[in-house]
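Q: Below is start.cif; it holds mmCIF, C-alpha atoms.
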data_start
#
loop_
_atom_site.label_atom_id
_atom_site.label_comp_id
_atom_site.auth_asym_id
_atom_site.auth_seq_id
_atom_site.Cartn_x
_atom_site.Cartn_y
_atom_site.Cartn_z
CA MET A 60 -106.55 -85.44 37.82
CA GLN A 61 -103.66 -86.79 35.89
CA THR A 62 -103.95 -89.99 37.84
CA GLU A 63 -107.62 -90.38 36.81
CA ASN A 64 -106.74 -89.85 33.14
CA THR A 65 -104.06 -92.46 33.40
CA GLU A 66 -106.48 -94.92 35.00
CA THR A 67 -109.12 -94.13 32.37
CA GLN A 68 -106.68 -94.73 29.55
CA ALA A 69 -105.61 -97.98 31.15
CA LEU A 70 -109.24 -99.01 31.53
CA ASN A 71 -109.99 -98.07 27.93
CA LYS A 72 -107.01 -100.05 26.75
CA LYS A 73 -108.18 -102.99 28.83
CA SER A 74 -111.73 -102.66 27.48
CA GLY A 75 -110.41 -102.51 23.94
CA PHE A 76 -108.46 -105.70 24.53
CA ILE A 77 -111.56 -107.44 25.85
CA GLU A 78 -113.61 -106.25 22.87
CA LYS A 79 -110.91 -107.46 20.50
CA ALA A 80 -110.75 -110.81 22.29
CA ALA A 81 -114.55 -111.19 22.17
CA LEU A 82 -114.53 -110.46 18.45
CA THR A 83 -111.90 -113.11 17.88
CA ARG A 84 -113.99 -115.76 19.68
CA ALA A 85 -117.01 -114.89 17.55
CA GLU A 86 -114.97 -115.26 14.43
CA ALA A 87 -113.62 -118.57 15.68
CA GLU A 88 -117.11 -119.84 16.44
CA GLN A 89 -118.29 -118.76 13.01
CA LEU A 90 -115.33 -120.48 11.40
CA LEU A 91 -116.01 -123.62 13.43
CA ALA A 92 -119.66 -123.55 12.42
CA GLU A 93 -118.69 -123.24 8.78
CA LYS A 94 -116.34 -126.21 9.12
CA ARG A 95 -119.08 -128.24 10.80
CA ASP A 96 -121.42 -127.40 7.94
CA ARG A 97 -118.84 -128.47 5.37
CA ILE A 98 -118.16 -131.74 7.21
CA TYR A 99 -121.91 -132.38 7.52
CA HIS A 100 -122.43 -131.76 3.81
CA CYS A 101 -119.48 -134.02 2.97
CA VAL A 102 -120.87 -136.78 5.18
CA MET A 103 -124.32 -136.40 3.66
CA THR A 104 -122.87 -136.46 0.15
CA ALA A 105 -120.79 -139.55 0.96
CA SER A 106 -123.84 -141.26 2.45
CA ILE A 107 -125.92 -140.51 -0.62
CA VAL A 108 -123.14 -141.70 -2.94
CA PHE A 109 -122.71 -144.88 -0.86
CA ALA A 110 -126.46 -145.52 -0.92
CA VAL A 111 -126.60 -145.02 -4.69
CA VAL A 112 -123.56 -147.24 -5.31
CA SER A 113 -124.99 -149.92 -2.98
CA ALA A 114 -128.32 -149.80 -4.78
CA VAL A 115 -126.61 -150.10 -8.16
CA MET A 116 -124.51 -153.02 -6.91
CA MET A 117 -127.58 -154.75 -5.47
CA MET A 118 -129.44 -154.28 -8.74
CA ALA A 119 -126.47 -155.64 -10.66
CA PHE A 120 -126.18 -158.60 -8.30
CA LYS A 121 -129.89 -159.34 -8.60
CA ARG A 122 -129.69 -159.05 -12.35
CA TYR A 123 -126.71 -161.40 -12.56
CA GLU A 124 -127.59 -163.51 -9.53
CA GLY A 125 -128.09 -166.53 -11.76
CA PHE A 126 -124.65 -166.05 -13.26
CA PHE A 127 -122.94 -165.79 -9.87
CA ASP A 128 -124.90 -168.74 -8.50
CA ALA A 129 -124.15 -170.82 -11.58
CA ASN A 130 -120.44 -170.08 -11.41
CA SER A 131 -120.35 -170.83 -7.70
CA ARG A 132 -122.23 -174.12 -7.99
CA ILE A 133 -120.34 -175.22 -11.10
CA GLY A 134 -117.08 -174.34 -9.35
CA LEU A 135 -117.99 -176.54 -6.38
CA LEU A 136 -119.11 -179.29 -8.74
CA MET A 137 -115.88 -179.24 -10.72
CA GLU A 138 -113.88 -179.28 -7.50
CA SER A 139 -115.80 -182.36 -6.37
CA VAL A 140 -115.40 -184.04 -9.78
CA ASN A 141 -111.67 -183.33 -9.80
CA MET A 142 -111.32 -184.83 -6.32
CA GLN A 143 -113.18 -187.96 -7.43
CA GLU A 144 -110.99 -188.31 -10.52
CA THR A 145 -107.85 -187.81 -8.44
CA LYS A 146 -108.95 -190.50 -6.01
CA ALA A 147 -109.96 -192.86 -8.81
CA SER A 148 -106.51 -192.57 -10.39
CA ALA A 149 -104.65 -193.08 -7.09
CA PRO A 150 -102.90 -196.44 -6.49
CA LYS A 151 -104.94 -199.24 -4.90
CA LEU A 152 -103.22 -201.13 -2.09
CA ASN A 153 -104.92 -204.48 -1.58
CA VAL A 154 -105.84 -205.70 1.89
CA ARG A 155 -105.46 -209.45 2.37
CA THR A 156 -108.90 -210.95 2.99
CA THR A 157 -110.25 -214.25 4.22
CA PHE A 158 -113.92 -215.20 4.26
CA ARG A 159 -116.36 -216.89 6.56
CA ASP A 160 -119.23 -218.02 4.36
CA GLU A 161 -122.69 -217.75 5.89
CA ASN A 162 -126.06 -218.07 4.21
CA ASN A 163 -127.39 -214.80 5.63
CA SER A 164 -127.44 -212.47 2.59
CA ARG A 165 -125.00 -210.05 4.16
CA LEU A 166 -121.44 -208.80 4.10
CA VAL A 167 -119.77 -207.93 7.41
CA LEU A 168 -116.56 -205.92 7.64
CA PRO A 169 -115.04 -205.81 11.15
CA LEU A 170 -113.99 -202.36 12.39
CA LYS A 171 -111.18 -201.52 14.78
CA GLU A 172 -112.55 -198.00 15.20
CA PRO A 173 -116.13 -196.75 14.74
CA VAL A 174 -116.95 -194.87 11.54
CA ALA A 175 -119.38 -191.95 11.36
CA ASP A 176 -122.34 -192.53 9.05
CA SER A 177 -121.38 -189.40 7.10
CA ASN A 178 -118.05 -191.05 6.21
CA ILE A 179 -119.67 -194.16 4.73
CA SER A 180 -120.96 -194.11 1.16
CA ILE A 181 -122.09 -196.76 -1.30
CA ARG A 182 -122.20 -196.49 -5.07
CA GLU A 183 -124.00 -198.87 -7.38
CA GLU A 184 -122.45 -199.80 -10.73
CA PHE A 185 -125.72 -201.47 -11.69
CA THR A 186 -124.77 -202.62 -15.19
CA GLN A 187 -122.16 -204.85 -13.51
CA ASN A 188 -124.22 -205.86 -10.44
CA LYS A 189 -121.48 -204.21 -8.44
CA PHE A 190 -121.47 -202.19 -5.21
CA VAL A 191 -118.60 -199.94 -4.17
CA ILE A 192 -118.50 -199.07 -0.46
CA THR A 193 -116.15 -196.30 0.67
CA LEU A 194 -115.03 -195.58 4.23
CA GLN A 195 -113.57 -192.10 4.12
CA GLY A 196 -110.42 -191.49 6.16
CA TYR A 197 -110.32 -195.06 7.51
CA SER A 198 -107.08 -196.21 5.89
CA LYS A 199 -104.96 -195.63 9.01
CA TYR A 200 -107.22 -197.92 11.06
CA MET A 201 -107.38 -200.76 8.53
CA PRO A 202 -105.18 -203.79 9.32
CA ASN A 203 -103.17 -205.52 6.61
CA SER A 204 -105.46 -208.56 6.72
CA VAL A 205 -109.12 -208.93 7.60
CA GLU A 206 -111.75 -211.67 7.81
CA LEU A 207 -115.10 -210.88 6.18
CA VAL A 208 -118.44 -212.55 6.67
CA SER A 209 -119.95 -213.11 3.22
CA ASP A 210 -122.57 -215.15 1.39
CA SER A 211 -121.28 -216.99 -1.68
CA SER A 212 -124.83 -217.66 -2.88
CA ILE A 213 -125.26 -213.98 -3.78
CA MET A 214 -121.67 -212.69 -4.05
CA ASP A 215 -119.32 -213.59 -6.88
CA ALA A 216 -116.32 -211.69 -5.56
CA VAL A 217 -115.34 -209.24 -2.83
CA GLY A 218 -112.21 -207.10 -2.70
CA VAL A 219 -110.84 -204.67 -0.11
CA TYR A 220 -108.15 -202.07 -0.74
CA ARG A 221 -106.74 -198.79 0.50
CA GLN A 222 -106.84 -195.78 -1.79
CA GLN A 223 -105.20 -192.66 -0.42
CA GLU A 224 -106.83 -192.09 2.99
CA ASP A 225 -109.90 -194.22 2.26
CA VAL A 226 -110.79 -197.89 2.46
CA VAL A 227 -112.83 -199.26 -0.45
CA VAL A 228 -114.82 -202.51 -0.56
CA GLU A 229 -116.00 -203.79 -3.95
CA VAL A 230 -118.77 -206.39 -4.04
CA TYR A 231 -119.78 -208.24 -7.23
CA CYS A 232 -123.18 -209.91 -6.90
CA VAL A 233 -124.62 -212.76 -8.96
CA GLY A 234 -127.76 -210.73 -9.68
CA ARG A 235 -129.62 -207.55 -8.84
CA TYR A 236 -130.09 -206.74 -5.17
CA ASP A 237 -131.13 -203.88 -2.97
CA TYR A 238 -129.05 -203.10 0.08
CA GLU A 239 -129.15 -201.60 3.54
CA LEU A 240 -126.13 -200.33 5.45
CA ALA A 241 -125.77 -200.74 9.20
CA ALA A 242 -122.73 -199.70 11.23
CA ASP A 243 -121.88 -199.99 14.90
CA ASP A 244 -118.66 -199.68 16.89
CA SER A 245 -117.34 -203.08 15.83
CA ALA A 246 -118.62 -203.79 12.31
CA LEU A 247 -120.05 -202.45 9.07
CA THR A 248 -122.84 -204.65 7.70
CA VAL A 249 -124.38 -204.59 4.23
CA ASN A 250 -127.66 -206.49 4.15
CA PHE A 251 -128.83 -207.59 0.69
CA ARG A 252 -132.38 -208.38 -0.36
CA GLU A 253 -134.20 -209.19 -3.57
CA THR A 254 -134.92 -206.16 -5.75
CA GLY A 255 -138.49 -205.08 -6.25
CA GLU A 256 -140.07 -206.46 -3.13
CA GLN A 257 -141.19 -203.06 -1.89
CA TYR A 258 -141.38 -201.02 -5.13
CA THR A 259 -144.29 -200.06 -7.34
CA ALA A 260 -142.10 -199.56 -10.40
CA SER A 261 -138.51 -199.24 -11.58
CA ALA A 262 -136.99 -196.42 -13.61
CA VAL A 263 -133.65 -196.12 -15.40
CA ILE A 264 -132.22 -192.70 -16.32
CA TRP A 265 -129.47 -192.47 -18.93
CA LEU A 266 -127.17 -189.63 -19.98
CA PRO A 267 -124.03 -190.17 -22.09
CA TYR A 268 -121.08 -191.18 -19.91
CA GLU A 269 -119.06 -188.15 -21.03
CA ASP A 270 -122.00 -185.90 -20.07
CA ARG A 271 -122.87 -187.56 -16.75
CA ASN A 272 -121.80 -184.57 -14.63
CA ARG A 273 -124.90 -182.67 -15.74
CA LEU A 274 -126.74 -184.33 -12.85
CA ALA A 275 -123.82 -184.41 -10.44
CA LEU A 276 -124.99 -181.73 -8.00
CA PRO A 277 -126.24 -183.49 -4.84
CA GLU A 278 -129.46 -181.46 -4.63
CA TRP A 279 -130.41 -182.49 -8.17
CA ARG A 280 -129.93 -186.19 -7.44
CA GLN A 281 -131.84 -185.74 -4.18
CA ARG A 282 -134.79 -184.23 -6.06
CA LEU A 283 -134.95 -187.23 -8.38
CA GLU A 284 -134.62 -189.63 -5.46
CA LYS A 285 -137.37 -187.77 -3.61
CA VAL A 286 -139.94 -188.02 -6.40
CA ALA A 287 -139.01 -191.68 -6.90
CA ALA A 288 -139.41 -192.42 -3.19
CA ALA A 289 -142.77 -190.62 -3.12
CA HIS A 290 -144.09 -193.07 -5.75
CA GLN A 291 -142.13 -196.10 -4.47
CA VAL A 292 -140.08 -196.22 -7.67
CA ARG A 293 -136.70 -197.97 -7.68
CA LEU A 294 -134.42 -195.47 -9.39
CA TYR A 295 -131.27 -196.36 -11.32
CA LEU A 296 -129.19 -193.32 -12.28
CA ALA A 297 -126.59 -194.16 -14.91
CA PRO A 298 -124.79 -190.80 -14.33
CA ASP A 299 -124.01 -191.96 -10.78
CA MET A 300 -121.78 -194.72 -12.15
CA GLN A 301 -118.11 -193.77 -12.30
CA GLU A 302 -117.03 -196.65 -14.52
CA GLU A 303 -117.68 -196.15 -18.22
CA TYR A 304 -121.02 -197.39 -19.53
CA THR A 305 -122.76 -197.48 -22.92
CA GLN A 306 -126.33 -197.24 -24.18
CA ALA A 307 -126.24 -200.95 -24.99
CA GLU A 308 -125.22 -201.91 -21.44
CA VAL A 309 -127.86 -199.71 -19.84
CA ILE A 310 -130.73 -200.93 -22.04
CA GLN A 311 -129.61 -204.55 -21.61
CA PHE A 312 -129.86 -204.05 -17.86
CA ALA A 313 -133.29 -202.41 -18.22
CA ASN A 314 -134.56 -205.20 -20.48
CA ASP A 315 -133.31 -207.93 -18.15
CA MET A 316 -134.99 -206.41 -15.11
CA HIS A 317 -138.19 -205.44 -17.02
CA ALA A 318 -137.92 -201.76 -16.09
CA ASP A 319 -141.16 -199.79 -16.21
CA LEU A 320 -139.59 -196.74 -17.83
CA VAL A 321 -136.25 -195.83 -19.36
CA LEU A 322 -135.57 -192.11 -19.78
CA GLY A 323 -132.66 -190.88 -21.87
CA VAL A 324 -131.41 -187.32 -22.32
CA GLN A 325 -128.77 -186.33 -24.85
CA ILE A 326 -127.61 -182.72 -25.32
CA ASP A 327 -125.53 -181.75 -28.35
CA LYS A 328 -124.44 -178.63 -30.18
CA THR A 329 -126.10 -177.28 -33.32
CA GLN A 330 -125.16 -174.59 -35.82
CA GLU A 331 -128.72 -173.33 -35.76
CA PRO A 332 -129.30 -170.05 -33.88
CA GLN A 333 -132.14 -171.53 -31.82
CA ALA A 334 -132.24 -174.59 -29.58
CA THR A 335 -134.49 -177.45 -30.70
CA MET A 336 -135.66 -180.75 -29.26
CA THR A 337 -136.63 -184.13 -30.73
CA ALA A 338 -138.29 -187.10 -29.00
CA LEU A 339 -137.29 -190.63 -30.04
CA CYS A 340 -139.49 -193.67 -29.53
CA ASN A 341 -139.74 -197.32 -30.58
CA THR A 342 -143.07 -198.05 -32.24
CA ALA A 343 -141.92 -201.55 -33.20
CA TYR A 344 -142.17 -202.50 -29.55
CA PHE A 345 -145.87 -202.17 -28.87
CA ILE A 346 -148.06 -203.16 -25.98
CA PRO A 347 -151.54 -201.77 -25.34
CA ASP A 348 -152.17 -198.86 -22.99
CA TYR A 349 -148.55 -198.06 -22.13
CA ASN A 350 -145.55 -198.36 -24.45
CA SER A 351 -142.58 -196.43 -25.83
CA ALA A 352 -144.81 -194.05 -27.80
CA ASN A 353 -146.87 -193.20 -24.72
CA LEU A 354 -143.74 -192.62 -22.68
CA SER A 355 -142.16 -190.40 -25.34
CA VAL A 356 -145.29 -188.21 -25.46
CA VAL A 357 -145.31 -187.72 -21.68
CA MET A 358 -141.58 -187.03 -21.65
CA ALA A 359 -141.78 -184.58 -24.57
CA GLU A 360 -144.65 -182.69 -22.93
CA ALA A 361 -142.69 -182.33 -19.69
CA PHE A 362 -139.48 -181.20 -21.40
CA ALA A 363 -141.26 -178.76 -23.74
CA GLU A 364 -143.14 -177.16 -20.85
CA ILE A 365 -140.19 -176.84 -18.47
CA THR A 366 -137.24 -176.16 -20.77
CA ALA A 367 -139.21 -174.00 -23.27
CA VAL A 368 -137.06 -175.50 -26.05
CA GLN A 369 -138.76 -175.64 -29.45
CA MET A 370 -140.12 -179.12 -30.17
CA LYS A 371 -139.32 -180.38 -33.69
CA GLY A 372 -141.36 -183.55 -33.38
CA PHE A 373 -141.11 -187.31 -32.87
CA GLU A 374 -138.82 -189.76 -34.64
CA GLU A 375 -138.36 -193.50 -34.77
CA ALA A 376 -135.16 -194.46 -32.97
CA GLY A 377 -132.39 -195.56 -35.33
CA SER A 378 -129.63 -198.11 -34.96
CA SER A 379 -127.36 -195.58 -33.24
CA ASP A 380 -129.94 -194.98 -30.51
CA VAL A 381 -129.98 -198.48 -29.05
CA LEU A 382 -131.27 -197.17 -25.72
CA VAL A 383 -134.64 -197.00 -27.48
CA SER A 384 -134.37 -199.12 -30.64
CA GLU A 385 -133.20 -202.23 -28.72
CA ALA A 386 -135.60 -201.75 -25.81
CA THR A 387 -138.18 -204.38 -24.92
CA VAL A 388 -139.56 -202.09 -22.22
CA PRO A 389 -141.03 -198.57 -22.48
CA SER A 390 -138.08 -196.35 -23.39
CA ALA A 391 -137.82 -192.79 -24.72
CA LEU A 392 -134.97 -190.44 -25.55
CA ILE A 393 -135.02 -186.65 -25.69
CA LYS A 394 -132.35 -185.08 -27.90
CA ILE A 395 -131.72 -181.39 -27.28
CA SER A 396 -129.63 -179.39 -29.74
CA LEU A 397 -128.19 -176.20 -28.26
CA ALA A 398 -126.81 -173.17 -30.06
CA GLN A 399 -123.09 -172.47 -29.70
CA LYS A 400 -123.67 -169.47 -27.42
CA ASP A 401 -125.75 -171.56 -25.01
CA MET A 402 -123.18 -174.36 -24.89
CA GLU A 403 -120.47 -171.85 -23.97
CA SER A 404 -122.51 -170.03 -21.31
CA VAL A 405 -122.01 -171.37 -17.78
CA GLU A 406 -125.25 -169.77 -16.63
CA SER A 407 -127.27 -171.22 -19.53
CA GLU A 408 -125.82 -174.69 -19.00
CA TYR A 409 -126.50 -174.55 -15.27
CA GLN A 410 -130.09 -173.41 -15.76
CA LEU A 411 -130.69 -176.04 -18.43
CA ASN A 412 -129.37 -178.82 -16.21
CA GLY A 413 -131.76 -177.75 -13.46
CA LYS A 414 -134.64 -177.76 -15.94
CA VAL A 415 -133.67 -181.23 -17.17
CA VAL A 416 -133.95 -182.48 -13.59
CA SER A 417 -137.37 -180.82 -13.20
CA ALA A 418 -138.56 -182.36 -16.48
CA LEU A 419 -137.39 -185.82 -15.41
CA GLU A 420 -139.22 -185.36 -12.10
CA LYS A 421 -142.40 -184.41 -13.92
CA THR A 422 -142.07 -187.32 -16.35
CA ILE A 423 -141.74 -189.89 -13.56
CA ASP A 424 -144.64 -188.32 -11.69
CA GLU A 425 -146.92 -188.26 -14.75
CA VAL A 426 -146.09 -191.79 -15.93
CA VAL A 427 -146.76 -193.27 -12.51
CA LYS A 428 -150.06 -191.40 -12.19
CA ARG A 429 -151.30 -191.99 -15.74
CA TYR A 430 -150.24 -195.56 -16.35
CA ILE A 431 -148.64 -197.51 -13.51
CA LYS A 432 -151.09 -196.58 -10.75
CA VAL A 433 -153.96 -197.19 -13.19
CA GLU A 434 -152.64 -200.69 -13.96
CA GLU A 435 -152.43 -201.43 -10.24
CA LYS A 436 -156.04 -200.40 -9.70
CA GLU A 437 -157.20 -202.48 -12.68
CA ASN A 438 -155.30 -205.51 -11.38
CA GLU A 439 -156.81 -205.06 -7.93
CA SER A 440 -160.32 -204.85 -9.36
#
Would you encode the structure as structure tokens?
A:
Amino acid sequence: MQTENTETQALNKKSGFIEKAALTRAEAEQLLAEKRDRIYHCVMTASIVFAVVSAVMMMAFKRYEGFFDANSRIGLLMESVNMQETKASAPKLNVRTTFRDENNSRLVLPLKEPVADSNISIREEFTQNKFVITLQGYSKYMPNSVELVSDSSIMDAVGVYRQQEDVVVEVYCVGRYDYELAADDSALTVNFRETGEQYTASAVIWLPYEDRNRLALPEWRQRLEKVAAAHQVRLYLAPDMQEEYTQAEVIQFANDMHADLVLGVQIDKTQEPQATMTALCNTAYFIPDYNSANLSVVMAEAFAEITAVQMKGFEEAGSSDVLVSEATVPSALIKISLAQKDMESVESEYQLNGKVVSALEKTIDEVVKRYIKVEEKENES
């Protein structure tokens, strides 16, 4: 009997231990569940906060997308401009040259190593009838002396020099020529031909030399070149010239070549709170159907529509605006006066430059359609 009681007590003790252990597991599971709930709520809260912050950041980016884009593009532009200025100021090491004169309207530079097309560029300093050909990274392959094939009937002078890692060839022509580059493994050839043989019209675009970087972004130049090519217009961009130029030099060039349109854009600062625009023309130079006044109207319409700058009106070009006053071809000049805040805003400047390009595109397109194509049809009939 005593033995049974002892066994019962032992069993009860054991059962109590099991009950206590089971209770502890339940509490642990409840505690674990509570922790899971807290972690879940924390994760959900963090996700919501992240989503809200992301949405706010996206809205802010969208709102200031123009600002970020402007700063990025202007930064790249200034980097490119600084590189050009650094190269331009670097010492020039002349390469001794001899010439074999041939009457073939071409310049041939022998190559020891092939050059990729992407590393060959040509710039036209058209007021000087000068071409500048650059072979990027070719200096290490260039010998100290070289024989060129040239044509003295169209070339006044040719010079070759090293500048940093590049090789530069400068060609001064006796007149205005178009060109075509051709490169193979052994030579770089520049073929020259008379200007105007395959063009419907010619256009000259002027901006002040100190303001030429307004059109320096490659995509902006490409847009102007594209609209010109679409209408078979030979385009001369003064801002592409790196050597200093003046209004007088540009209009002298345009007069000599009988350009079909000369478009000038000048942007200055004003103390007025609102930007304004004035169109300058030359009514003293008059020809029926299409003249400076006609061109200034088309140009003013395009700029007013695209830039949304308030138009003050039309003025006769004065002695300081020789691009128009000394023109014997259709020439017009748009003067835009910007408020101080707009001149100091990178975003505003960037957007305005893009609009200037669009307005120039529209002007070329409208002039060709309204006047030059009409003249062609009348001549054909």
Q: Would you mind listing what lies within 7 Å of segment 385-389 of chain A as a list of chain:residue names, with only C-alpha atoms counted and same-chain residues fewer than 3 positions away left out?
A: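 Answer for this query is A:Ile310, A:Asn314, A:His317, A:Ala318, A:Asp319, A:Leu320, A:Val321, A:Tyr344, A:Asn350, A:Ser351, A:Leu354, A:Val381, A:Leu382.
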Q: Report, in Å with one decimal, the straight-line distance from atom CA of Asp327 of chain A to atom CA of Leu397 of chain A.
A: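 Computing it gives 6.2 Å between the two atoms.
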Q: Between atom CA of Glu269 of chain A and atom CA of Val324 of chain A, what is the distance in Å, rounded to a tenth?
A: 12.4 Å
Q: Might you pull out every residue within 9 Å of Ile179 of chain A, with all atoms listed in the file counted and same-chain residues fewer than 6 positions away left off, and present them as a list of chain:residue names?
A: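 Selected residues are A:Ile192, A:Thr193, A:Leu194, A:Gln195, A:Leu240.
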Q: Could you give me, as a PDB file with C-alpha atoms, keeping the file's coordinate frame, the residues that have an atom at most 8 Å away from the point (-141.5, -180.9, -14.1) in the coordinates of the file, using only C-alpha atoms?
A:
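For reference, out-v4.pdb as written:
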ATOM      1  CA  ALA A 361    -142.690-182.330 -19.690  1.00  0.00           C
ATOM      2  CA  PHE A 362    -139.480-181.200 -21.400  1.00  0.00           C
ATOM      3  CA  GLU A 364    -143.140-177.160 -20.850  1.00  0.00           C
ATOM      4  CA  ILE A 365    -140.190-176.840 -18.470  1.00  0.00           C
ATOM      5  CA  LYS A 414    -134.640-177.760 -15.940  1.00  0.00           C
ATOM      6  CA  VAL A 416    -133.950-182.480 -13.590  1.00  0.00           C
ATOM      7  CA  SER A 417    -137.370-180.820 -13.200  1.00  0.00           C
ATOM      8  CA  ALA A 418    -138.560-182.360 -16.480  1.00  0.00           C
ATOM      9  CA  LEU A 419    -137.390-185.820 -15.410  1.00  0.00           C
ATOM     10  CA  GLU A 420    -139.220-185.360 -12.100  1.00  0.00           C
ATOM     11  CA  LYS A 421    -142.400-184.410 -13.920  1.00  0.00           C
ATOM     12  CA  THR A 422    -142.070-187.320 -16.350  1.00  0.00           C
TER      13      THR A 422
END
Q: So which one's closest to Asp225 of chain A, A:Met370, A:Val174, A:Leu274, A:Cys101? Using all atoms listed in the file, please.
A: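 Among A:Met370, A:Val174, A:Leu274, A:Cys101, it is A:Val174 that comes nearest to Asp225 of chain A.
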Q: What does the distance between atom CA of Asp210 of chain A and atom CA of Pro298 of chain A come to in Å, to one decimal place?
A: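 So the two atoms, atom CA of Asp210 of chain A and atom CA of Pro298 of chain A, lie 29.1 Å apart.
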Q: Let me know the centre plus edge lengths, in Å and rounded to one decimal, of a box with edges along x, y and z that contains all listed atoms of segment 193-200 of chain A and is padded by 6 Å on every side, as lines of an AutoDock Vina configuration file.
A:
center_x = -110.6
center_y = -194.7
center_z = 5.9
size_x = 23.2
size_y = 18.4
size_z = 22.4
Q: What residues come out when you apply the PyMOL selection byres ((chain A and resi 342) around 9) to this file, written as a PyMOL selection string?
A: chain A and resi 340-341+343-345+350-352+375-376+384
Q: Using the selection just defined, write its residues with C-alpha atoms as a short mmCIF file (atom, residue, chain, number, x, y, z; two decimals), in the frame of the given file.
A:
data_model
loop_
_atom_site.label_atom_id
_atom_site.label_comp_id
_atom_site.auth_asym_id
_atom_site.auth_seq_id
_atom_site.Cartn_x
_atom_site.Cartn_y
_atom_site.Cartn_z
CA CYS A 340 -139.49 -193.67 -29.53
CA ASN A 341 -139.74 -197.32 -30.58
CA ALA A 343 -141.92 -201.55 -33.20
CA TYR A 344 -142.17 -202.50 -29.55
CA PHE A 345 -145.87 -202.17 -28.87
CA ASN A 350 -145.55 -198.36 -24.45
CA SER A 351 -142.58 -196.43 -25.83
CA ALA A 352 -144.81 -194.05 -27.80
CA GLU A 375 -138.36 -193.50 -34.77
CA ALA A 376 -135.16 -194.46 -32.97
CA SER A 384 -134.37 -199.12 -30.64
#
Q: From the options A:Ala92, A:Ala216, A:Leu170, A:Ala275, which residue's atoms come nearest to Gly413 of chain A, counting all atoms listed in the file?
A: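 So, comparing all the options, the nearest one is A:Ala275.
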Q: With the PyMOL selection byres ((chain A and resi 173) around 7) as the selection, what would be picked from this file? Answer as a VMD selection string, please.
A: chain A and resid 170 to 172 174 to 175 243 to 245
Q: List the residues selected by the PyMOL selection byres ((chain A and resi 426) around 12) in the file shown, writing them as a PyMOL selection string.
A: chain A and resi 260-262+286-287+290+292+319-322+348-351+353-358+360-361+389-390+419-425+427-434
